[in-house]
2 protein chains.
Amino acid sequence: MFSLSNPSDWEGYLRSQKEVVEKALDERIPRADRQPKRLHEAIRYSLFAGGKRLRPILCLTTCQTLCGHWEPAIPWACAIECIHTYSLIHDDLPCMDNDDWRRGRPTLHRVFGEAIAILAGDALQALAFEIASSAKGTPRYPVPLLLGELARAAGSRALVGGQVGDLESEGKEVSLTQLRLIHRRKTAALIVVSVRLGAMAADAETWELKQLTRFARFLGVAFQIRDDVLDVTQTQEKLGKTAGKDLQSQKATYPRIVGLAEANRLAALYTHRALEALRPFGERASPWIQLAHHLLERDR
Amino acid sequence: MFSLSNPSDWEGYLRSQKEVVEKALDERIPRADRQPKRLHEAIRYSLFAGGKRLRPILCLTTCQTLCGHWEPAIPWACAIECIHTYSLIHDDLPCMDNDDWRRGRPTLHRVFGEAIAILAGDALQALAFEIASSAKGTPRYPVPLLLGELARAAGSRALVGGQVGDLESEGKEVSLTQLRLIHRRKTAALIVVSVRLGAMAADAETWELKQLTRFARFLGVAFQIRDDVLDVTQTQEKLGKTAGKDLQSQKATYPRIVGLAEANRLAALYTHRALEALRPFGERASPWIQLAHHLLERDR
């Protein structure tokens, strides 16, 4: 696939996977000239704004590492990115986080207005399930099983529930236990399902799915801590979104609750635990190890 | 099942089907004491606000008429009602139709705030697909096929697209052709899919599915014309939502574009066409005929 000892190979791999995701999304999302045009333009404005595509790449890489090709995971990877993008659009709305910048551009509601932003998010969620319904199942894992997992990860006890917790935490004293729960819902659930859907699309064995789920849970938490840290240490230019926003809105974040140094220590600790879960895979674990380092050493 | 010549039997049938829907939804929606409580309270506030359950009843009745029992259609009926309810919540928001009343109660955002209203809608859409993923397929129609249809009916070229068209039409000159397209997307698509999913859950034969689709298309248009007419002829008390709202916001409606008398004539015409599509079913068509009359002679 690529040589892990060579960082430029790894960079090339990430670039090529990102291109696979962009192309697959482009083929599956209605063109901007389809009616209603303004809605499809809005959907594409947000979806093709240069996102890092970390979740779909996690999904594709997991599938490829287990069964040798990423194709079976393509519908799942696209569906996950649609759900991630819709959640960003809605989270950025004035009545939520009220953000003006995202992925280096003005947020969708600033350009298309609030009504279209809400509707574009709604349509992206429906598109996610439309695309997912075109996937092929495997002997162990029929499509409805995977669809159910995706819907739960997007639902009231995971993604949406996490955003509610996030909003409710603003300006309040939040314990580390509560914060961990918010992060598990808001961020980790979608990262876990990215890895699980990739594994199931590859018809993973039971023990593989179990270990990868463990890996993804720790990775998801470490990822969100890193995100919290970047919010206070990086510039808006680097992040492509408003920096220092969490502090300003008094959000519950790791730096705010345990301090910056401890937040960094915890990110490293969870990464370590994530990597431990990969041990039974032996040398096969390399792509996941690389991805974990990539996610946690990123500066945006 | 019931005697069609006896109106009280028919009323009883509708009531019992409504109870089936209420109970099935109640079993499938997280309880109000599940975390995050405020979100689940909001979801239940809107979902159990005394809706007429017309779409799920169409779905169950179609299934029962074709195969003798409605149980296979239960997940689809619940999923459709979740999608319908989420679309009402989002359509009522201040940046959309800015409605204060729905189903006889203050709208969700007036009680829980805009952020929770948006998130409750988002979660209801995810719940719809989670519930749908638990359905059983039939020899002719596997679950992903039905789920894909549901997602398309909820998506950018149907339900959401219709709301965009509706918003864009405000205060503008709209032709009858454009109006018909908006209504087909905004209302008819979900009515068509209600009937189709009920038919497919019953493993309908190809000709049955085709005729019922035709029936539902005309029924959906007639239903929306009736809705437009009720908006100008009924009181808020009767409708449970703000009356005269369409006129006030200069929406594209049948009474506005063709006048009240012509709107009534068109509703009757489309109903007639809907019923014609049922002819090949012979005496079996009775429940659909009753439902069509019920939908079009309603006064709220």
# chains A, B, ... in the order shown; residues from 1 in each chain; ligands from 1

$ residues_around --residues "stretch 75-92 of chain B" --least-positions-apart "3" --cutoff "8 Å" --atoms "only C-alpha atoms" --output "VMD selection string"
(chain A and resid 118) or (chain B and resid 21 24 to 25 46 to 47 53 55 to 57 59 to 60 72 96 to 100 107 to 109 117 to 118 120 to 122 124 to 125 127 to 129 131 to 132 134 to 135 150 154 163 190 194 197 to 198)

$ write_last_selection --atoms "C-alpha atoms" --output "PDB file, in the first residue's frame"
ATOM      1  CA  ILE A 118     -31.121  25.066   8.167  1.00  0.00           C
TER       2      ILE A 118
ATOM      3  CA  VAL B  21     -49.485   4.759  15.642  1.00  0.00           C
ATOM      4  CA  ALA B  24     -45.784   2.347  18.276  1.00  0.00           C
ATOM      5  CA  LEU B  25     -44.187   5.787  18.368  1.00  0.00           C
ATOM      6  CA  SER B  46     -43.936  17.991  19.222  1.00  0.00           C
ATOM      7  CA  LEU B  47     -44.458  14.337  18.386  1.00  0.00           C
ATOM      8  CA  ARG B  53     -51.398  10.816  11.879  1.00  0.00           C
ATOM      9  CA  ARG B  55     -49.515   9.708   6.700  1.00  0.00           C
ATOM     10  CA  PRO B  56     -48.836   6.749   9.004  1.00  0.00           C
ATOM     11  CA  ILE B  57     -52.510   5.694   8.770  1.00  0.00           C
ATOM     12  CA  CYS B  59     -49.143   3.560   5.271  1.00  0.00           C
ATOM     13  CA  LEU B  60     -50.723   1.044   7.683  1.00  0.00           C
ATOM     14  CA  PRO B  72     -44.971  -5.069   8.685  1.00  0.00           C
ATOM     15  CA  MET B  96     -38.881  30.257   7.976  1.00  0.00           C
ATOM     16  CA  ASP B  97     -42.673  30.556   8.349  1.00  0.00           C
ATOM     17  CA  ASN B  98     -42.379  32.108  11.834  1.00  0.00           C
ATOM     18  CA  ASP B  99     -45.429  30.338  13.221  1.00  0.00           C
ATOM     19  CA  ASP B 100     -46.549  30.589  16.833  1.00  0.00           C
ATOM     20  CA  THR B 107     -44.758  25.975  18.518  1.00  0.00           C
ATOM     21  CA  LEU B 108     -41.689  24.159  19.847  1.00  0.00           C
ATOM     22  CA  HIS B 109     -39.254  27.068  19.519  1.00  0.00           C
ATOM     23  CA  ALA B 117     -36.166  23.277  18.262  1.00  0.00           C
ATOM     24  CA  ILE B 118     -33.557  22.918  15.516  1.00  0.00           C
ATOM     25  CA  ALA B 120     -35.061  18.264  18.182  1.00  0.00           C
ATOM     26  CA  GLY B 121     -35.900  18.354  14.460  1.00  0.00           C
ATOM     27  CA  ASP B 122     -32.441  17.053  13.576  1.00  0.00           C
ATOM     28  CA  LEU B 124     -36.224  13.301  14.842  1.00  0.00           C
ATOM     29  CA  GLN B 125     -34.855  12.881  11.331  1.00  0.00           C
ATOM     30  CA  LEU B 127     -34.664   8.677  14.716  1.00  0.00           C
ATOM     31  CA  ALA B 128     -36.788   8.183  11.605  1.00  0.00           C
ATOM     32  CA  PHE B 129     -33.965   6.327   9.885  1.00  0.00           C
ATOM     33  CA  ILE B 131     -36.599   3.160  13.370  1.00  0.00           C
ATOM     34  CA  ALA B 132     -36.786   2.402   9.637  1.00  0.00           C
ATOM     35  CA  SER B 134     -35.391  -2.082  12.182  1.00  0.00           C
ATOM     36  CA  ALA B 135     -37.995  -2.985   9.532  1.00  0.00           C
ATOM     37  CA  LEU B 150     -37.826   7.385   2.306  1.00  0.00           C
ATOM     38  CA  ALA B 154     -37.256  13.630   2.738  1.00  0.00           C
ATOM     39  CA  GLN B 163     -39.949  24.104   1.535  1.00  0.00           C
ATOM     40  CA  LEU B 190     -44.289  12.230   1.577  1.00  0.00           C
ATOM     41  CA  SER B 194     -46.401   6.667   2.816  1.00  0.00           C
ATOM     42  CA  LEU B 197     -43.779   1.931   1.800  1.00  0.00           C
ATOM     43  CA  GLY B 198     -47.028   0.423   3.103  1.00  0.00           C
TER      44      GLY B 198
END

$ interface_residues --of "chain A" --to "chain B" --cutoff "6 Å" --atoms "only C-alpha atoms" --output "ChimeraX atom specification"
/A:95-96,115,123,126,130,133,144,148,151,155-156

$ residues_around --residues "A:Arg217" --least-positions-apart "3" --cutoff "12 Å" --atoms "only C-alpha atoms" --output "PyMOL selection string"
chain A and resi 180-181+183-185+187-196+210-214+220-224+270-271+273-275+277+292

$ write_last_selection --atoms "N, CA and C atoms" --output "JSON list (two decimals), in the first residue's frame"
[["chain", "number", "residue", "atom", "x", "y", "z"],
["A", 180, "ARG", "N", -16.55, 14.64, 29.76],
["A", 180, "ARG", "CA", -16.22, 13.43, 28.99],
["A", 180, "ARG", "C", -17.46, 12.89, 28.27],
["A", 181, "LEU", "N", -18.62, 12.95, 28.95],
["A", 181, "LEU", "CA", -19.86, 12.47, 28.35],
["A", 181, "LEU", "C", -20.26, 13.34, 27.14],
["A", 183, "HIS", "N", -18.26, 15.08, 25.24],
["A", 183, "HIS", "CA", -17.34, 14.81, 24.15],
["A", 183, "HIS", "C", -17.57, 13.45, 23.50],
["A", 184, "ARG", "N", -17.94, 12.49, 24.35],
["A", 184, "ARG", "CA", -18.18, 11.15, 23.80],
["A", 184, "ARG", "C", -19.34, 11.24, 22.81],
["A", 185, "ARG", "N", -20.39, 12.02, 23.18],
["A", 185, "ARG", "CA", -21.53, 12.15, 22.27],
["A", 185, "ARG", "C", -21.21, 13.03, 21.08],
["A", 187, "THR", "N", -18.39, 14.18, 19.68],
["A", 187, "THR", "CA", -17.29, 13.90, 18.74],
["A", 187, "THR", "C", -16.99, 12.42, 18.60],
["A", 188, "ALA", "N", -16.82, 11.74, 19.74],
["A", 188, "ALA", "CA", -16.33, 10.36, 19.66],
["A", 188, "ALA", "C", -17.33, 9.44, 18.94],
["A", 189, "ALA", "N", -18.64, 9.64, 19.13],
["A", 189, "ALA", "CA", -19.62, 8.73, 18.54],
["A", 189, "ALA", "C", -19.47, 8.64, 17.02],
["A", 190, "LEU", "N", -19.24, 9.78, 16.37],
["A", 190, "LEU", "CA", -19.13, 9.76, 14.91],
["A", 190, "LEU", "C", -17.78, 9.16, 14.47],
["A", 191, "ILE", "N", -16.74, 9.37, 15.28],
["A", 191, "ILE", "CA", -15.44, 8.76, 14.97],
["A", 191, "ILE", "C", -15.51, 7.25, 15.15],
["A", 192, "VAL", "N", -16.19, 6.82, 16.21],
["A", 192, "VAL", "CA", -16.35, 5.38, 16.44],
["A", 192, "VAL", "C", -17.13, 4.75, 15.28],
["A", 193, "VAL", "N", -18.20, 5.39, 14.85],
["A", 193, "VAL", "CA", -19.00, 4.79, 13.79],
["A", 193, "VAL", "C", -18.25, 4.83, 12.45],
["A", 194, "SER", "N", -17.39, 5.81, 12.26],
["A", 194, "SER", "CA", -16.57, 5.85, 11.03],
["A", 194, "SER", "C", -15.71, 4.59, 10.94],
["A", 195, "VAL", "N", -15.07, 4.26, 12.06],
["A", 195, "VAL", "CA", -14.20, 3.07, 12.08],
["A", 195, "VAL", "C", -15.04, 1.80, 11.99],
["A", 196, "ARG", "N", -16.13, 1.74, 12.75],
["A", 196, "ARG", "CA", -16.96, 0.52, 12.76],
["A", 196, "ARG", "C", -17.59, 0.22, 11.40],
["A", 210, "LYS", "N", -14.29, -5.51, 17.65],
["A", 210, "LYS", "CA", -14.25, -5.14, 19.08],
["A", 210, "LYS", "C", -13.01, -4.29, 19.39],
["A", 211, "GLN", "N", -11.85, -4.73, 18.91],
["A", 211, "GLN", "CA", -10.62, -3.99, 19.20],
["A", 211, "GLN", "C", -10.63, -2.62, 18.51],
["A", 212, "LEU", "N", -11.14, -2.56, 17.30],
["A", 212, "LEU", "CA", -11.15, -1.29, 16.57],
["A", 212, "LEU", "C", -12.13, -0.30, 17.20],
["A", 213, "THR", "N", -13.22, -0.83, 17.77],
["A", 213, "THR", "CA", -14.17, 0.04, 18.46],
["A", 213, "THR", "C", -13.49, 0.68, 19.67],
["A", 214, "ARG", "N", -12.73, -0.15, 20.39],
["A", 214, "ARG", "CA", -11.96, 0.33, 21.56],
["A", 214, "ARG", "C", -10.97, 1.41, 21.12],
["A", 220, "GLY", "N", -11.28, 9.08, 19.63],
["A", 220, "GLY", "CA", -12.30, 10.13, 19.57],
["A", 220, "GLY", "C", -12.15, 11.13, 20.71],
["A", 221, "VAL", "N", -11.90, 10.62, 21.91],
["A", 221, "VAL", "CA", -11.74, 11.51, 23.06],
["A", 221, "VAL", "C", -10.45, 12.33, 22.90],
["A", 222, "ALA", "N", -9.35, 11.65, 22.53],
["A", 222, "ALA", "CA", -8.08, 12.35, 22.33],
["A", 222, "ALA", "C", -8.24, 13.43, 21.25],
["A", 223, "PHE", "N", -8.98, 13.11, 20.22],
["A", 223, "PHE", "CA", -9.21, 14.04, 19.10],
["A", 223, "PHE", "C", -9.92, 15.31, 19.58],
["A", 224, "GLN", "N", -10.95, 15.13, 20.43],
["A", 224, "GLN", "CA", -11.70, 16.30, 20.89],
["A", 224, "GLN", "C", -10.85, 17.15, 21.85],
["A", 270, "TYR", "N", -4.80, 9.23, 26.23],
["A", 270, "TYR", "CA", -5.86, 8.56, 25.48],
["A", 270, "TYR", "C", -5.33, 8.00, 24.15],
["A", 271, "THR", "N", -4.40, 8.74, 23.55],
["A", 271, "THR", "CA", -3.78, 8.23, 22.33],
["A", 271, "THR", "C", -3.06, 6.91, 22.62],
["A", 273, "ARG", "N", -3.70, 4.80, 24.95],
["A", 273, "ARG", "CA", -4.70, 3.72, 25.15],
["A", 273, "ARG", "C", -5.29, 3.27, 23.82],
["A", 274, "ALA", "N", -5.52, 4.24, 22.93],
["A", 274, "ALA", "CA", -6.04, 3.89, 21.60],
["A", 274, "ALA", "C", -5.08, 2.94, 20.90],
["A", 275, "LEU", "N", -3.79, 3.28, 20.95],
["A", 275, "LEU", "CA", -2.81, 2.45, 20.25],
["A", 275, "LEU", "C", -2.68, 1.07, 20.88],
["A", 277, "ALA", "N", -5.00, -0.68, 22.03],
["A", 277, "ALA", "CA", -6.10, -1.54, 21.54],
["A", 277, "ALA", "C", -5.77, -2.16, 20.20],
["A", 292, "ALA", "N", -3.70, 7.88, 13.73],
["A", 292, "ALA", "CA", -3.83, 8.41, 15.09],
["A", 292, "ALA", "C", -2.81, 9.53, 15.31]]

$ residues_around --residues "B:Gln250" --least-positions-apart "2" --cutoff "12 Å" --atoms "only C-alpha atoms" --output "ChimeraX atom specification"
/B:97,166-174,244-248,252-257

$ select_by_dssp --residues "stretch 68-115 of chain B" --states "helix (DSSP H, G or I)" --output "ChimeraX atom specification"
/B:71-91,108-112,114-115

$ write_last_selection --atoms "N, CA and C atoms" --output "tab-separated table (two decimals), in the first residue's frame"
chain	number	residue	atom	x	y	z
B	71	GLU	N	-48.90	-4.88	10.65
B	71	GLU	CA	-47.66	-4.93	11.43
B	71	GLU	C	-46.37	-4.70	10.62
B	72	PRO	N	-46.25	-5.28	9.41
B	72	PRO	CA	-44.97	-5.07	8.68
B	72	PRO	C	-44.70	-3.60	8.38
B	73	ALA	N	-45.76	-2.77	8.36
B	73	ALA	CA	-45.58	-1.36	7.98
B	73	ALA	C	-45.30	-0.45	9.18
B	74	ILE	N	-45.36	-1.02	10.40
B	74	ILE	CA	-45.21	-0.18	11.59
B	74	ILE	C	-43.93	0.67	11.60
B	75	PRO	N	-42.75	0.09	11.35
B	75	PRO	CA	-41.55	0.94	11.40
B	75	PRO	C	-41.60	2.06	10.37
B	76	TRP	N	-42.14	1.76	9.21
B	76	TRP	CA	-42.22	2.79	8.16
B	76	TRP	C	-43.20	3.89	8.55
B	77	ALA	N	-44.35	3.49	9.13
B	77	ALA	CA	-45.35	4.47	9.56
B	77	ALA	C	-44.75	5.42	10.61
B	78	CYS	N	-44.02	4.84	11.56
B	78	CYS	CA	-43.38	5.67	12.61
B	78	CYS	C	-42.32	6.59	12.01
B	79	ALA	N	-41.52	6.05	11.11
B	79	ALA	CA	-40.44	6.85	10.51
B	79	ALA	C	-41.03	8.04	9.74
B	80	ILE	N	-42.10	7.79	9.00
B	80	ILE	CA	-42.73	8.87	8.23
B	80	ILE	C	-43.27	9.96	9.15
B	81	GLU	N	-43.88	9.56	10.27
B	81	GLU	CA	-44.42	10.57	11.18
B	81	GLU	C	-43.29	11.38	11.83
B	82	CYS	N	-42.16	10.73	12.11
B	82	CYS	CA	-41.00	11.47	12.66
B	82	CYS	C	-40.52	12.51	11.65
B	83	ILE	N	-40.44	12.12	10.38
B	83	ILE	CA	-39.96	13.06	9.36
B	83	ILE	C	-40.97	14.19	9.17
B	84	HIS	N	-42.25	13.85	9.14
B	84	HIS	CA	-43.28	14.88	9.00
B	84	HIS	C	-43.20	15.88	10.18
B	85	THR	N	-43.08	15.36	11.39
B	85	THR	CA	-43.03	16.23	12.57
B	85	THR	C	-41.78	17.11	12.57
B	86	TYR	N	-40.61	16.51	12.24
B	86	TYR	CA	-39.39	17.34	12.19
B	86	TYR	C	-39.55	18.46	11.17
B	87	SER	N	-40.20	18.17	10.02
B	87	SER	CA	-40.31	19.21	9.00
B	87	SER	C	-41.24	20.33	9.47
B	88	LEU	N	-42.28	19.99	10.24
B	88	LEU	CA	-43.15	21.03	10.80
B	88	LEU	C	-42.38	21.91	11.79
B	89	ILE	N	-41.56	21.27	12.65
B	89	ILE	CA	-40.79	22.03	13.65
B	89	ILE	C	-39.88	23.04	12.95
B	90	HIS	N	-39.15	22.57	11.94
B	90	HIS	CA	-38.21	23.48	11.25
B	90	HIS	C	-38.97	24.53	10.43
B	91	ASP	N	-40.07	24.13	9.78
B	91	ASP	CA	-40.82	25.11	8.97
B	91	ASP	C	-41.40	26.23	9.84
B	108	LEU	N	-42.79	24.66	19.01
B	108	LEU	CA	-41.69	24.16	19.85
B	108	LEU	C	-40.68	25.25	20.21
B	109	HIS	N	-40.29	26.06	19.22
B	109	HIS	CA	-39.25	27.07	19.52
B	109	HIS	C	-39.76	28.12	20.50
B	110	ARG	N	-41.10	28.33	20.55
B	110	ARG	CA	-41.62	29.30	21.50
B	110	ARG	C	-41.53	28.78	22.94
B	111	VAL	N	-41.56	27.47	23.09
B	111	VAL	CA	-41.50	26.89	24.43
B	111	VAL	C	-40.07	26.51	24.83
B	112	PHE	N	-39.33	25.92	23.90
B	112	PHE	CA	-37.98	25.42	24.22
B	112	PHE	C	-36.85	26.26	23.65
B	114	GLU	N	-35.09	28.41	20.12
B	114	GLU	CA	-34.76	28.03	18.74
B	114	GLU	C	-33.72	26.92	18.64
B	115	ALA	N	-32.69	26.99	19.48
B	115	ALA	CA	-31.60	26.00	19.37
B	115	ALA	C	-32.15	24.60	19.61

$ atom_distance --atom1 "atom CA of B:Phe218" --atom2 "atom CA of B:Leu266"
10.7 Å
